[in-house]
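S.K.: Quick one: this structure, given as structure tokens, is what I'll be asking you about.
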Amino acid sequence: MNDNTQNPVVGTAQPSPADRLLACADLLACPQCGHPLTAGVDPAADDSPARTLRCRLGHSYDLAKQGYVSLLTGASTKMTGDTPAMLDARAAFQSAGHFTPIATALAAAIATPLPGRAADSSLFGADSPPAAATTDARHHRARAGIATPGMSVATASAARLAATLLSADPAATSGGRTEAPGTPESPVASRSWAGPDPAAESSTPVRTEAADRGLAVLEIGAGTGYYVAAVLDALPGARGIALDVSKAAARRAARAHARAGSVLADAWRGLPVPDGVMSAVVSVFAPRNADEVARVLAEGGRFVVVTPTSRHLRELIEPLGMVSVDAAKEDRLAESLGERFELVGREAVEYTMSLTHEDVARVVAMGPSAFHGDEGRAEAIAALPDPVAVTASVTVSAYRPR
């Protein structure tokens, strides 16, 4: 299977992966000294940009032929990244649209200001859409998926954001608050999004390039680059960095979006990003470095984390011997971020996927279960209904630095 499995980037004349990265060079810092990086100039080429990033102290980093840059330094990292086979499986599964509701929820969490957060206006601009009404955080309500297999992230994201604007509570639009009956006021937003309005999808402008110009988004553990691409589709003028410790992921993410550059780096060693330049940082099913995320976020910036619940893929866990999700995972996340971040928004996203046996095989191959319990798995998959109904269940949590 080749690497051309992701949704194509919208447009005709697209910049090369190397040009995409060079256009994002100011969002990167030298991993050795911390000074900003700039696109190097080749004096022998009429001052045209070279395939090199340099800092003021002379440290330089050559772009790989696939268009990404390695900012790994020192001894070999102990982190194990995704393999090419895992990325192939994940890209095929994502391209089929099964995780589109998760991608659109993530994009909406960043593109829509959170209630009760006045500072967000400075980040998202005066033309930002109004916030939805708030309810108590203890009353998460799972919603049905709003996308179908084959529906693009861009289409679903536009539809979802448009529906959010059209269904916003008047009190929220005017700065008021609403509460779930019988529940105390809470600073944490638990969103219950409306489904998309087909008319709104084609007629309602959701974001403008001018409103989003200057915004920057970093995805840690980007893998295929699927999620950072979804966010950039929802923010037409923003730029992005897809960061991963896997060389295979860096190669693939270099083609994820026309406004995203791909970087090979180990987040646990420090993010090769200057202080306070990122409008948002995203982590989807990936490790997090809270101290570094807080450092690189701009004032009013947002950290959005997507974690699976114990119900995620529950119909497959036991029959296929897959790695299960600890029910206390959400509590551990809150604890790990508590010193540096404050939870300001949370949404439960749960829906049913209809998966073929091929889809199921990809789900197994694209995650940690690929390394466990392989014996007899093909027979176990064959014994499942075809298609089989499988639960997707995640929590999208938004944080701001304390």
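Within each chain, counting starts at residue 1; across the structure tokens, chains are named A, B, ... in the order shown, with ligands numbered 1 upward in that order.
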Assign secondary structure with DSSP using the backbone only, and return the residues of segment 349-390 of chain A in strand (DSSP E) as a ChimeraX atom specification.
M.R.: /A:349-355,388-390
S.K.: Excluding Val281 of chain A and any residue of its chain fewer than 6 positions from it, enumerate the residues within 10 Å of it, using only C-alpha atoms, and give them as a PyMOL selection string.
M.R.: chain A and resi 110+216-220+228+240-241+293-294+296-297+301-305+398-399
S.K.: My list of candidates is A:Glu350, A:Asp212, A:Asp88, A:Asp331. Which is closest to Arg239 of chain A when distances are computed with only C-alpha atoms?
M.R.: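 Between A:Glu350, A:Asp212, A:Asp88, A:Asp331, the residue approaching Arg239 of chain A most closely is A:Asp212.
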S.K.: Please identify all polymer residues within 10 Å of Glu358 of chain A, counting only C-alpha atoms, omitting same-chain residues fewer than 3 positions from it, and present them as a list in words.
M.R.: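 In the requested format, the answer is Ala89, Phe93, Leu355, Ala361, Arg362, Val363, Ile381, Ala382, Asp386 and Pro387 of chain A.
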S.K.: Hey, what's within 9 Å of Cys33 of chain A if we count only C-alpha atoms and toss same-chain stuff fewer than 3 positions away? As a ChimeraX atom specification, please?
M.R.: /A:29-30,36,55,57,59
S.K.: Those residues you just picked out, can you put them in a file as a PDB file, in the first residue's frame with N, CA, C and O atoms?
M.R.:
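Result file follows (part_0.pdb):
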ATOM      1  N   ALA A  29      12.109  26.305  16.636  1.00  0.00           N
ATOM      2  CA  ALA A  29      13.294  26.781  17.343  1.00  0.00           C
ATOM      3  C   ALA A  29      14.382  25.722  17.281  1.00  0.00           C
ATOM      4  O   ALA A  29      14.102  24.523  17.173  1.00  0.00           O
ATOM      5  N   CYS A  30      15.601  26.167  17.364  1.00  0.00           N
ATOM      6  CA  CYS A  30      16.739  25.251  17.345  1.00  0.00           C
ATOM      7  C   CYS A  30      16.710  24.374  18.600  1.00  0.00           C
ATOM      8  O   CYS A  30      16.625  24.890  19.724  1.00  0.00           O
ATOM      9  N   PRO A  36      15.260  31.025  17.396  1.00  0.00           N
ATOM     10  CA  PRO A  36      14.345  30.751  16.278  1.00  0.00           C
ATOM     11  C   PRO A  36      15.090  30.255  15.047  1.00  0.00           C
ATOM     12  O   PRO A  36      16.255  30.628  14.814  1.00  0.00           O
ATOM     13  N   CYS A  55      19.721  28.585  12.671  1.00  0.00           N
ATOM     14  CA  CYS A  55      19.521  29.551  13.747  1.00  0.00           C
ATOM     15  C   CYS A  55      20.657  30.562  13.709  1.00  0.00           C
ATOM     16  O   CYS A  55      21.621  30.404  12.956  1.00  0.00           O
ATOM     17  N   LEU A  57      23.017  31.101  15.697  1.00  0.00           N
ATOM     18  CA  LEU A  57      24.326  30.607  16.148  1.00  0.00           C
ATOM     19  C   LEU A  57      24.967  29.671  15.137  1.00  0.00           C
ATOM     20  O   LEU A  57      26.050  29.135  15.382  1.00  0.00           O
ATOM     21  N   HIS A  59      23.674  26.754  13.898  1.00  0.00           N
ATOM     22  CA  HIS A  59      23.189  25.373  13.835  1.00  0.00           C
ATOM     23  C   HIS A  59      22.258  25.239  12.646  1.00  0.00           C
ATOM     24  O   HIS A  59      21.379  26.089  12.431  1.00  0.00           O
TER      25      HIS A  59
END
S.K.: Could you please determine the separation between atom CA of Ala211 of chain A and atom CA of Ala242 of chain A in Å, to one decimal place?
M.R.: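 Distance reported for this atom pair: 22.1 Å.
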S.K.: Which value, in Å to one decimal, gives the distance between atom CA of Ala365 of chain A and atom CA of Pro17 of chain A?
M.R.: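 Computed distance, atom CA of Ala365 of chain A to atom CA of Pro17 of chain A, equals 26.9 Å.
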S.K.: Which of these residues is nearest to Val390 of chain A, using only C-alpha atoms: A:Glu315, A:Asp326, A:Gly223, A:Phe341?
M.R.: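 Counting only C-alpha atoms, the residue closest to Val390 of chain A is A:Glu315.
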S.K.: Applying 10 Å and only C-alpha atoms, which residues near Arg251 of chain A remain after dropping the ones on its own chain fewer than 6 positions away? List them as a PyMOL selection string.
M.R.: chain A and resi 3+17+64-69+84+223-224+244+262-264
S.K.: Please produce an output containing N, CA and C atoms for each residue in the selection, written as an mmCIF file, in the first residue's frame.
M.R.:
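New file out.cif:
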data_model
loop_
_atom_site.group_PDB
_atom_site.id
_atom_site.type_symbol
_atom_site.label_atom_id
_atom_site.label_comp_id
_atom_site.auth_asym_id
_atom_site.auth_seq_id
_atom_site.Cartn_x
_atom_site.Cartn_y
_atom_site.Cartn_z
ATOM 1 N N ASP A 3 1.561 5.591 0.153
ATOM 2 C CA ASP A 3 1.284 6.603 1.169
ATOM 3 C C ASP A 3 0.201 7.582 0.761
ATOM 4 N N PRO A 17 5.952 19.656 -0.130
ATOM 5 C CA PRO A 17 6.143 19.478 1.311
ATOM 6 C C PRO A 17 7.272 20.329 1.878
ATOM 7 N N ALA A 64 14.732 16.701 4.780
ATOM 8 C CA ALA A 64 14.764 15.414 4.092
ATOM 9 C C ALA A 64 14.109 15.560 2.719
ATOM 10 N N LYS A 65 14.400 14.648 1.826
ATOM 11 C CA LYS A 65 13.847 14.755 0.476
ATOM 12 C C LYS A 65 12.325 14.656 0.472
ATOM 13 N N GLN A 66 11.752 14.051 1.531
ATOM 14 C CA GLN A 66 10.286 13.963 1.625
ATOM 15 C C GLN A 66 9.666 15.257 2.138
ATOM 16 N N GLY A 67 10.489 16.234 2.568
ATOM 17 C CA GLY A 67 9.974 17.539 2.945
ATOM 18 C C GLY A 67 9.868 17.799 4.431
ATOM 19 N N TYR A 68 10.227 16.854 5.281
ATOM 20 C CA TYR A 68 10.199 17.102 6.720
ATOM 21 C C TYR A 68 11.606 17.461 7.198
ATOM 22 N N VAL A 69 11.727 17.911 8.450
ATOM 23 C CA VAL A 69 13.039 18.194 9.011
ATOM 24 C C VAL A 69 13.181 17.426 10.320
ATOM 25 N N PRO A 84 5.690 2.018 9.545
ATOM 26 C CA PRO A 84 4.993 2.277 8.279
ATOM 27 C C PRO A 84 3.711 1.471 8.132
ATOM 28 N N GLY A 223 1.267 11.529 13.802
ATOM 29 C CA GLY A 223 1.009 10.352 12.970
ATOM 30 C C GLY A 223 0.841 10.720 11.509
ATOM 31 N N THR A 224 -0.326 10.444 10.945
ATOM 32 C CA THR A 224 -0.589 10.740 9.535
ATOM 33 C C THR A 224 -0.819 12.215 9.274
ATOM 34 N N ASP A 244 6.150 14.450 15.277
ATOM 35 C CA ASP A 244 6.095 13.042 15.660
ATOM 36 C C ASP A 244 7.518 12.518 15.805
ATOM 37 N N SER A 262 6.110 19.446 8.596
ATOM 38 C CA SER A 262 6.302 18.214 9.351
ATOM 39 C C SER A 262 7.676 18.199 10.010
ATOM 40 N N VAL A 263 7.692 17.820 11.311
ATOM 41 C CA VAL A 263 8.927 17.846 12.100
ATOM 42 C C VAL A 263 9.103 16.517 12.819
ATOM 43 N N LEU A 264 10.296 15.976 12.749
ATOM 44 C CA LEU A 264 10.672 14.778 13.494
ATOM 45 C C LEU A 264 11.325 15.228 14.791
#
S.K.: Smallest atom-to-atom distance to Arg90 of chain A: which of A:Asp275, A:Glu342, A:Asp359, A:Glu209, using only C-alpha atoms?
M.R.: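 Smallest distance to Arg90 of chain A is found for A:Asp359.
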S.K.: Let's see if you can do this: from backbone DSSP, list all alpha helix (DSSP H) residues in segment 199-376 of chain A, as a ChimeraX atom specification.
M.R.: /A:199-203,209-212,226-234,247-253,290-296,314-320,329-337,357-365
S.K.: Which residues, written as a list in words, have at least one atom at most 8 Å from Met353 of chain A, with only C-alpha atoms counted and residues fewer than 2 positions away on the same chain left out?
M.R.: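 So, after excluding close chain neighbours, the residues are His98, Tyr351, Leu355, Ala389, Val390, Thr391 and Ala392 of chain A.
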S.K.: Please produce a file of those selected residues containing C-alpha atoms, as a PDB file, in the first residue's frame.
M.R.:
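Produced file again21.pdb, reproduced below:
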ATOM      1  CA  HIS A  98     -14.809   6.412  10.507  1.00  0.00           C
ATOM      2  CA  TYR A 351     -21.250   6.926  18.106  1.00  0.00           C
ATOM      3  CA  LEU A 355     -16.950  -1.804  10.147  1.00  0.00           C
ATOM      4  CA  ALA A 389     -21.256  -2.498  14.850  1.00  0.00           C
ATOM      5  CA  VAL A 390     -18.398  -1.005  16.891  1.00  0.00           C
ATOM      6  CA  THR A 391     -18.492   1.858  19.394  1.00  0.00           C
ATOM      7  CA  ALA A 392     -16.244   4.888  18.993  1.00  0.00           C
TER       8      ALA A 392
END
